[in-house]
$ cat protein08.cif   # mmCIF, C-alpha atoms
data_protein
#
loop_
_atom_site.group_PDB
_atom_site.id
_atom_site.type_symbol
_atom_site.label_atom_id
_atom_site.label_comp_id
_atom_site.auth_asym_id
_atom_site.auth_seq_id
_atom_site.Cartn_x
_atom_site.Cartn_y
_atom_site.Cartn_z
ATOM 1 C CA MET B 15 -118.892 206.674 103.949
ATOM 2 C CA VAL B 16 -116.894 208.157 106.864
ATOM 3 C CA LEU B 17 -113.782 206.290 105.719
ATOM 4 C CA LEU B 18 -114.303 207.475 102.168
ATOM 5 C CA THR B 19 -114.668 211.034 103.443
ATOM 6 C CA VAL B 20 -111.470 210.858 105.493
ATOM 7 C CA ILE B 21 -109.517 209.344 102.590
ATOM 8 C CA ALA B 22 -110.793 212.047 100.222
ATOM 9 C CA LEU B 23 -109.885 214.796 102.701
ATOM 10 C CA LEU B 24 -106.401 213.396 103.388
ATOM 11 C CA LEU B 25 -105.678 212.825 99.695
ATOM 12 C CA GLY B 26 -106.765 216.391 99.018
ATOM 13 C CA ILE B 27 -104.504 217.790 101.754
ATOM 14 C CA VAL B 28 -101.527 215.737 100.516
ATOM 15 C CA TYR B 29 -102.161 216.908 96.964
ATOM 16 C CA GLY B 30 -102.450 220.518 98.111
ATOM 17 C CA LEU B 31 -99.242 220.288 100.148
ATOM 18 C CA SER B 32 -97.322 218.594 97.323
ATOM 19 C CA GLY B 33 -97.612 221.582 95.027
ATOM 20 C CA ILE B 34 -98.233 219.284 92.061
ATOM 21 C CA ASP B 35 -100.555 220.753 89.448
ATOM 22 C CA ILE B 36 -102.696 218.241 87.551
ATOM 23 C CA SER B 37 -105.022 220.095 85.210
ATOM 24 C CA ILE B 38 -108.133 217.924 85.755
ATOM 25 C CA ILE B 39 -107.795 218.217 89.553
ATOM 26 C CA GLY B 40 -107.229 221.947 89.216
ATOM 27 C CA PHE B 41 -110.377 222.179 87.120
ATOM 28 C CA ILE B 42 -112.411 220.238 89.694
ATOM 29 C CA THR B 43 -111.173 222.254 92.688
ATOM 30 C CA GLU B 44 -111.815 225.544 90.908
ATOM 31 C CA HIS B 45 -115.368 224.530 90.074
ATOM 32 C CA THR B 46 -116.420 222.935 93.367
ATOM 33 C CA HIS B 47 -119.471 225.171 93.582
ATOM 34 C CA TYR B 48 -120.861 223.561 90.408
ATOM 35 C CA ILE B 49 -120.385 220.128 91.972
ATOM 36 C CA LEU B 50 -122.245 221.432 95.013
ATOM 37 C CA TYR B 51 -125.043 222.673 92.761
ATOM 38 C CA LEU B 52 -125.237 219.248 91.113
ATOM 39 C CA LEU B 53 -125.316 217.627 94.556
ATOM 40 C CA MET B 54 -128.120 219.927 95.659
ATOM 41 C CA PHE B 55 -130.069 219.117 92.510
ATOM 42 C CA LEU B 56 -129.644 215.379 93.160
ATOM 43 C CA VAL B 57 -130.621 215.840 96.816
ATOM 44 C CA GLY B 58 -133.679 217.732 95.604
ATOM 45 C CA ILE B 59 -134.594 214.744 93.441
ATOM 46 C CA SER B 60 -134.290 212.439 96.483
ATOM 47 C CA ILE B 61 -136.576 214.731 98.437
ATOM 48 C CA GLY B 62 -139.008 214.971 95.524
ATOM 49 C CA LEU B 63 -139.158 211.194 95.276
ATOM 50 C CA ASN B 64 -140.235 211.103 98.909
ATOM 51 C CA HIS B 65 -143.828 212.243 98.434
ATOM 52 C CA GLY B 66 -145.379 214.274 101.249
ATOM 53 C CA ILE B 67 -142.084 215.498 102.723
ATOM 54 C CA MET B 68 -142.806 219.198 102.123
ATOM 55 C CA GLU B 69 -146.099 218.912 103.998
ATOM 56 C CA LYS B 70 -144.172 217.508 106.954
ATOM 57 C CA ILE B 71 -141.741 220.455 106.851
ATOM 58 C CA ARG B 72 -144.591 222.969 106.729
ATOM 59 C CA GLU B 73 -145.951 221.457 109.947
ATOM 60 C CA TYR B 74 -142.888 222.754 111.804
ATOM 61 C CA HIS B 75 -143.877 226.467 111.415
ATOM 62 C CA ILE B 76 -141.884 228.607 113.845
ATOM 63 C CA LYS B 77 -140.248 225.495 115.273
ATOM 64 C CA ILE B 78 -138.004 225.459 112.232
ATOM 65 C CA PHE B 79 -135.908 228.068 114.077
ATOM 66 C CA ILE B 80 -135.282 225.795 117.067
ATOM 67 C CA ILE B 81 -132.165 224.208 115.606
ATOM 68 C CA PRO B 82 -130.333 227.398 114.448
ATOM 69 C CA ILE B 83 -131.242 229.160 117.714
ATOM 70 C CA GLY B 84 -129.921 226.201 119.703
ATOM 71 C CA ILE B 85 -126.702 226.151 117.677
ATOM 72 C CA ILE B 86 -126.128 229.877 118.177
ATOM 73 C CA ILE B 87 -126.876 229.789 121.928
ATOM 74 C CA GLY B 88 -124.641 226.748 122.444
ATOM 75 C CA SER B 89 -121.799 228.249 120.430
ATOM 76 C CA LEU B 90 -121.943 231.577 122.268
ATOM 77 C CA LEU B 91 -121.994 229.793 125.637
ATOM 78 C CA GLY B 92 -118.990 227.830 124.426
ATOM 79 C CA GLY B 93 -117.220 231.056 123.508
ATOM 80 C CA ILE B 94 -117.854 232.434 127.013
ATOM 81 C CA VAL B 95 -116.531 229.251 128.664
ATOM 82 C CA CYS B 96 -113.472 229.265 126.367
ATOM 83 C CA SER B 97 -112.751 232.869 127.346
ATOM 84 C CA PHE B 98 -112.362 231.871 130.994
ATOM 85 C CA ILE B 99 -110.142 228.912 130.123
ATOM 86 C CA SER B 100 -107.919 230.546 127.495
ATOM 87 C CA GLY B 101 -107.729 234.079 128.884
ATOM 88 C CA ILE B 102 -108.720 235.529 125.507
ATOM 89 C CA SER B 103 -111.066 238.510 125.890
ATOM 90 C CA MET B 104 -114.788 237.785 125.963
ATOM 91 C CA ASN B 105 -115.578 239.714 122.779
ATOM 92 C CA THR B 106 -112.904 237.944 120.721
ATOM 93 C CA SER B 107 -113.714 234.599 122.278
ATOM 94 C CA THR B 108 -117.411 234.768 121.430
ATOM 95 C CA ALA B 109 -116.537 236.092 117.958
ATOM 96 C CA ILE B 110 -114.319 233.029 117.372
ATOM 97 C CA ALA B 111 -117.124 230.702 118.471
ATOM 98 C CA SER B 112 -119.597 232.585 116.245
ATOM 99 C CA GLY B 113 -117.992 231.116 113.134
ATOM 100 C CA LEU B 114 -120.394 228.159 113.483
ATOM 101 C CA GLY B 115 -118.092 226.081 111.282
ATOM 102 C CA TRP B 116 -117.765 228.611 108.454
ATOM 103 C CA TYR B 117 -113.988 228.730 108.747
ATOM 104 C CA SER B 118 -113.146 230.807 105.674
ATOM 105 C CA LEU B 119 -115.357 233.803 106.410
ATOM 106 C CA SER B 120 -114.950 233.777 110.195
ATOM 107 C CA GLY B 121 -111.162 233.388 109.921
ATOM 108 C CA VAL B 122 -110.903 236.415 107.666
ATOM 109 C CA MET B 123 -113.304 238.519 109.771
ATOM 110 C CA VAL B 124 -111.595 237.799 113.097
ATOM 111 C CA SER B 125 -108.198 238.410 111.467
ATOM 112 C CA GLU B 126 -109.350 241.892 110.573
ATOM 113 C CA PHE B 127 -110.725 242.601 114.053
ATOM 114 C CA ALA B 128 -108.146 240.887 116.221
ATOM 115 C CA GLY B 129 -105.072 240.041 114.157
ATOM 116 C CA ALA B 130 -103.683 237.090 112.241
ATOM 117 C CA GLN B 131 -103.053 234.801 115.217
ATOM 118 C CA LEU B 132 -106.629 234.919 116.500
ATOM 119 C CA GLY B 133 -107.815 234.735 112.903
ATOM 120 C CA SER B 134 -105.853 231.515 112.508
ATOM 121 C CA ILE B 135 -107.374 230.113 115.716
ATOM 122 C CA THR B 136 -110.806 230.971 114.311
ATOM 123 C CA PHE B 137 -109.970 229.324 111.014
ATOM 124 C CA LEU B 138 -108.624 226.138 112.612
ATOM 125 C CA SER B 139 -111.313 225.774 115.286
ATOM 126 C CA ASN B 140 -114.106 226.146 112.745
ATOM 127 C CA LEU B 141 -112.337 223.802 110.359
ATOM 128 C CA MET B 142 -112.076 221.240 113.176
ATOM 129 C CA ARG B 143 -115.795 221.699 113.791
ATOM 130 C CA GLU B 144 -116.535 220.859 110.194
ATOM 131 C CA ILE B 145 -114.255 217.819 110.128
ATOM 132 C CA PHE B 146 -115.600 216.619 113.487
ATOM 133 C CA SER B 147 -119.111 216.803 112.039
ATOM 134 C CA PHE B 148 -118.228 214.137 109.479
ATOM 135 C CA PHE B 149 -117.480 211.721 112.320
ATOM 136 C CA SER B 150 -120.094 212.810 114.830
ATOM 137 C CA ILE B 151 -123.143 212.787 112.526
ATOM 138 C CA PRO B 152 -123.366 208.962 112.338
ATOM 139 C CA LEU B 153 -122.933 208.681 116.125
ATOM 140 C CA ILE B 154 -125.488 211.377 116.961
ATOM 141 C CA ALA B 155 -127.954 209.853 114.491
ATOM 142 C CA LYS B 156 -127.599 206.527 116.268
ATOM 143 C CA HIS B 157 -127.563 207.638 119.908
ATOM 144 C CA LEU B 158 -129.470 210.959 120.102
ATOM 145 C CA ASN B 159 -131.865 212.032 117.332
ATOM 146 C CA PHE B 160 -131.734 213.139 113.689
ATOM 147 C CA PRO B 161 -132.232 216.934 114.139
ATOM 148 C CA THR B 162 -129.359 217.039 116.665
ATOM 149 C CA CYS B 163 -127.032 215.798 113.896
ATOM 150 C CA ILE B 164 -127.304 219.305 112.423
ATOM 151 C CA ALA B 165 -125.840 220.934 115.578
ATOM 152 C CA PRO B 166 -122.111 220.218 115.107
ATOM 153 C CA ALA B 167 -122.384 221.056 111.406
ATOM 154 C CA GLY B 168 -123.655 224.582 112.163
ATOM 155 C CA ALA B 169 -123.456 226.841 109.120
ATOM 156 C CA THR B 170 -121.990 224.045 106.983
ATOM 157 C CA SER B 171 -125.173 221.970 107.172
ATOM 158 C CA GLU B 172 -126.296 223.352 103.794
ATOM 159 C CA ASP B 173 -123.114 222.416 101.911
ATOM 160 C CA THR B 174 -120.037 220.431 102.952
ATOM 161 C CA THR B 175 -121.543 218.388 105.770
ATOM 162 C CA LEU B 176 -124.875 217.962 103.996
ATOM 163 C CA PRO B 177 -123.817 214.703 102.286
ATOM 164 C CA MET B 178 -123.245 213.086 105.697
ATOM 165 C CA LEU B 179 -126.661 214.273 106.843
ATOM 166 C CA ILE B 180 -128.160 212.828 103.666
ATOM 167 C CA LYS B 181 -126.455 209.524 104.320
ATOM 168 C CA TYR B 182 -127.255 209.128 108.021
ATOM 169 C CA THR B 183 -130.561 210.930 108.586
ATOM 170 C CA ASN B 184 -133.754 211.236 106.523
ATOM 171 C CA GLU B 185 -135.182 213.582 103.862
ATOM 172 C CA GLU B 186 -137.050 215.633 106.464
ATOM 173 C CA THR B 187 -133.850 216.331 108.417
ATOM 174 C CA VAL B 188 -132.022 217.140 105.169
ATOM 175 C CA VAL B 189 -134.509 219.896 104.384
ATOM 176 C CA LEU B 190 -134.216 221.186 107.967
ATOM 177 C CA SER B 191 -130.427 221.152 107.659
ATOM 178 C CA VAL B 192 -130.492 223.210 104.431
ATOM 179 C CA ILE B 193 -132.749 225.794 106.072
ATOM 180 C CA ASN B 194 -130.558 225.758 109.194
ATOM 181 C CA GLY B 195 -127.423 226.244 107.081
ATOM 182 C CA MET B 196 -128.958 229.272 105.384
ATOM 183 C CA ILE B 197 -129.996 230.864 108.680
ATOM 184 C CA CYS B 198 -126.655 230.154 110.368
ATOM 185 C CA SER B 199 -124.683 231.380 107.333
ATOM 186 C CA ALA B 200 -126.627 234.641 107.381
ATOM 187 C CA ALA B 201 -126.071 234.911 111.137
ATOM 188 C CA VAL B 202 -122.285 234.345 111.149
ATOM 189 C CA PRO B 203 -121.118 237.814 109.954
ATOM 190 C CA ILE B 204 -123.771 239.530 112.103
ATOM 191 C CA LEU B 205 -122.823 237.513 115.194
ATOM 192 C CA ILE B 206 -119.090 238.106 114.779
ATOM 193 C CA ASN B 207 -119.656 241.847 114.496
ATOM 194 C CA LEU B 208 -122.113 241.967 117.386
ATOM 195 C CA CYS B 209 -119.993 239.840 119.694
ATOM 196 C CA TYR B 210 -116.953 241.941 119.015
ATOM 197 C CA GLN B 211 -118.850 245.137 119.871
ATOM 198 C CA ILE B 212 -121.155 244.010 122.691
ATOM 199 C CA PHE B 213 -119.086 241.754 124.953
ATOM 200 C CA MET N 17 -130.156 231.403 97.988
ATOM 201 C CA ASP N 18 -129.063 229.793 94.712
ATOM 202 C CA ILE N 19 -128.608 226.493 96.540
ATOM 203 C CA LEU N 20 -132.219 226.585 97.672
ATOM 204 C CA ILE N 21 -133.450 227.383 94.151
ATOM 205 C CA ILE N 22 -131.464 224.489 92.665
ATOM 206 C CA MET N 23 -132.719 222.135 95.343
ATOM 207 C CA GLY N 24 -136.261 223.357 94.621
ATOM 208 C CA ILE N 25 -135.815 222.512 90.924
ATOM 209 C CA GLY N 26 -134.531 219.077 91.977
ATOM 210 C CA ILE N 27 -137.559 218.545 94.221
ATOM 211 C CA PHE N 28 -139.848 219.452 91.323
ATOM 212 C CA VAL N 29 -138.013 217.102 88.940
ATOM 213 C CA GLY N 30 -137.998 214.324 91.561
ATOM 214 C CA SER N 31 -141.688 214.604 92.321
ATOM 215 C CA LYS N 32 -142.898 214.958 88.714
ATOM 216 C CA PHE N 33 -140.499 213.378 86.233
ATOM 217 C CA PHE N 34 -137.741 211.317 87.850
ATOM 218 C CA PRO N 35 -138.345 207.557 87.600
ATOM 219 C CA ASP N 36 -138.177 205.615 90.877
ATOM 220 C CA ARG N 37 -136.016 202.917 89.275
ATOM 221 C CA HIS N 38 -133.078 205.368 89.052
ATOM 222 C CA LYS N 39 -133.177 206.186 92.756
ATOM 223 C CA LYS N 40 -130.025 204.126 93.513
ATOM 224 C CA LYS N 41 -128.112 205.746 90.653
ATOM 225 C CA ASN N 42 -129.064 209.143 92.034
ATOM 226 C CA GLU N 43 -127.738 208.149 95.463
ATOM 227 C CA LYS N 44 -124.462 206.896 93.965
ATOM 228 C CA MET N 45 -124.020 210.155 92.107
ATOM 229 C CA GLN N 46 -124.529 212.008 95.392
ATOM 230 C CA ILE N 47 -121.658 210.018 96.926
ATOM 231 C CA VAL N 48 -119.385 210.844 93.964
ATOM 232 C CA CYS N 49 -120.210 214.552 94.302
ATOM 233 C CA THR N 50 -119.597 214.395 98.062
ATOM 234 C CA VAL N 51 -116.192 212.805 97.689
ATOM 235 C CA LEU N 52 -115.190 215.389 95.076
ATOM 236 C CA ILE N 53 -116.310 218.280 97.288
ATOM 237 C CA ILE N 54 -114.422 216.960 100.308
ATOM 238 C CA PHE N 55 -111.337 216.225 98.225
ATOM 239 C CA SER N 56 -111.450 219.808 96.918
ATOM 240 C CA MET N 57 -111.701 221.071 100.485
ATOM 241 C CA GLY N 58 -108.545 219.097 101.323
ATOM 242 C CA VAL N 59 -106.727 220.527 98.294
ATOM 243 C CA MET N 60 -107.697 224.038 99.387
ATOM 244 C CA LEU N 61 -106.449 223.403 102.936
ATOM 245 C CA GLY N 62 -103.212 221.733 101.845
ATOM 246 C CA GLY N 63 -102.547 224.596 99.454
ATOM 247 C CA ARG N 64 -103.040 227.186 102.188
ATOM 248 C CA GLU N 65 -99.786 228.898 103.096
ATOM 249 C CA ASN N 66 -98.371 227.818 106.509
ATOM 250 C CA PHE N 67 -101.222 225.327 107.074
ATOM 251 C CA ILE N 68 -99.051 222.749 108.876
ATOM 252 C CA GLN N 69 -97.259 225.442 110.867
ATOM 253 C CA GLU N 70 -100.566 226.979 111.976
ATOM 254 C CA LEU N 71 -101.849 223.566 112.972
ATOM 255 C CA SER N 72 -98.840 222.846 115.193
ATOM 256 C CA THR N 73 -98.564 226.221 116.974
ATOM 257 C CA LEU N 74 -102.203 227.151 117.497
ATOM 258 C CA GLY N 75 -103.647 223.645 117.509
ATOM 259 C CA LEU N 76 -104.441 223.314 121.230
ATOM 260 C CA THR N 77 -106.271 226.645 121.570
ATOM 261 C CA SER N 78 -108.094 225.970 118.303
ATOM 262 C CA PHE N 79 -109.095 222.553 119.607
ATOM 263 C CA LEU N 80 -110.566 224.161 122.726
ATOM 264 C CA TYR N 81 -112.524 226.641 120.601
ATOM 265 C CA PHE N 82 -113.804 223.838 118.432
ATOM 266 C CA LEU N 83 -114.687 221.374 121.188
ATOM 267 C CA ILE N 84 -116.588 223.419 123.769
ATOM 268 C CA PRO N 85 -118.866 225.428 121.414
ATOM 269 C CA THR N 86 -119.587 222.320 119.334
ATOM 270 C CA VAL N 87 -120.434 220.140 122.338
ATOM 271 C CA LEU N 88 -122.571 222.860 123.942
ATOM 272 C CA SER N 89 -124.395 223.440 120.631
ATOM 273 C CA THR N 90 -125.147 219.751 120.405
ATOM 274 C CA ILE N 91 -126.415 219.609 124.000
ATOM 275 C CA VAL N 92 -128.621 222.709 123.606
ATOM 276 C CA VAL N 93 -130.086 221.512 120.283
ATOM 277 C CA TYR N 94 -130.692 218.049 121.708
ATOM 278 C CA LEU N 95 -132.552 219.483 124.709
ATOM 279 C CA LEU N 96 -134.593 221.857 122.525
ATOM 280 C CA THR N 97 -135.549 219.117 120.071
ATOM 281 C CA ARG N 98 -136.475 216.830 122.971
ATOM 282 C CA ILE N 99 -138.811 219.503 124.317
ATOM 283 C CA PHE N 100 -140.252 221.006 121.130
ATOM 284 C CA MET N 101 -139.898 218.327 118.457
ATOM 285 C CA LYS N 102 -140.428 215.232 120.535
ATOM 286 C CA LYS N 103 -143.763 214.309 118.989
ATOM 287 C CA LYS N 104 -142.490 214.691 115.437
ATOM 288 C CA GLN N 105 -139.373 212.691 116.193
ATOM 289 C CA LYS N 106 -141.423 209.875 117.657
ATOM 290 C CA GLU N 107 -143.670 209.866 114.610
ATOM 291 C CA LYS N 108 -140.631 209.783 112.346
ATOM 292 C CA GLU N 109 -138.859 206.998 114.235
ATOM 293 C CA ASP N 110 -142.067 204.929 114.160
#

$ encode --input "protein08.cif" --output "structure tokens"
Amino acid sequence: MVLLTVIALLLGIVYGLSGIDISIIGFITEHTHYILYLLMFLVGISIGLNHGIMEKIREYHIKIFIIPIGIIIGSLLGGIVCSFISGISMNTSTAIASGLGWYSLSGVMVSEFAGAQLGSITFLSNLMREIFSFFSIPLIAKHLNFPTCIAPAGATSEDTTLPMLIKYTNEETVVLSVINGMICSAAVPILINLCYQIF
Amino acid sequence: MDILIIMGIGIFVGSKFFPDRHKKKNEKMQIVCTVLIIFSMGVMLGGRENFIQELSTLGLTSFLYFLIPTVLSTIVVYLLTRIFMKKKQKEKED
């Protein structure tokens, strides 16, 4: 699965760089959100087939916030550490780290606050986070535990990295990852704004 | 929000109507969708203006900003799940 993912990503990049325009590929790339919807529907079916899963999720109660809170705390700490290493101001540094993997939105937001160069760093670092998730999820699932697999994925755990979570964890973790992705996605614009103003 | 609604419909279909014998086909379709989504992401990146140039000039700083927050997130989540979700994890692994 990881190999397939890497091949798909590389082929996509090569195609994008080539400037070639094949209509069917253009159609697919312009309608990715429908593919994501289909994927979510199919994932829903998998969850539905696993009877009793929703009862398990309900048992978590407030603990369902543990993962997104952990991701946000860890990312902000990382932003603070990076500030000392890179010399970039604390507010910008924590704003960059607040992207939580959502490279498109965070890149644009930081560009507006701090200029194109820092926006590009935000874009690339969050993109790297997403790509790294594809590789780290199988390893974390094997050596740590299933919920921790959601951590590197951050805000992307409800969409692009979800297939890897489906493949390497279980239905219960998949539901947690969708909820986490929603919470983190909602938090990203708020965090970037707050970090930029508070620190 | 729409993602959650669609997944909810899928859960309903899966629990009420979807036959167990098509479970493997469903999983294969998920892989196809995944590959298409990731391929599309690559196309979007490759088509981004100055992508290679950005990667070469700002790569090291970007790497730092990817690595440290990601590793710290993983450590914090691992510790929190060990403390607060330990029982559930044990039950699940059993």

$ resolve_selection --input "protein08.cif" --expression "the PyMOL selection byres ((chain B and resi 180) around 12)" --output "number ranges by chain"
B: 15, 53-54, 56-58, 60-61, 148, 151-152, 155, 160-161, 163-164, 171-179, 181-192; N: 43-44, 46-47, 50

$ closest_residue --input "protein08.cif" --among "N:Met101, N:Ile91, N:Ile68, N:Met23" --to "chain B" --atoms "only C-alpha atoms"
N:Met23

$ interface_residues --input "protein08.cif" --of "chain B" --to "chain N" --cutoff "6 Å" --atoms "only C-alpha atoms" --output "PyMOL selection string"
chain B and resi 22-23+26-27+29-31+43+53-55+58-59+61-63+81+84-85+88-89+92+135+138-139+143+162+165-166+177

$ resolve_selection --input "protein08.cif" --expression "the PyMOL selection byres ((chain B and resi 108-118) around 7)" --output "number ranges by chain"
B: 89-90, 92-94, 104-107, 119-122, 124, 136-137, 140-141, 143-144, 167-170, 202, 205-206, 209-210; N: 81, 85

$ atom_distance --input "protein08.cif" --atom1 "CA of Phe127 (chain B)" --atom2 "CA of Ser97 (chain B)"
16.6 Å

$ atom_distance --input "protein08.cif" --atom1 "CA of Gly129 (chain B)" --atom2 "CA of Ile99 (chain B)"
20.1 Å

$ atom_distance --input "protein08.cif" --atom1 "CA of Cys198 (chain B)" --atom2 "CA of Pro82 (chain B)"
6.1 Å
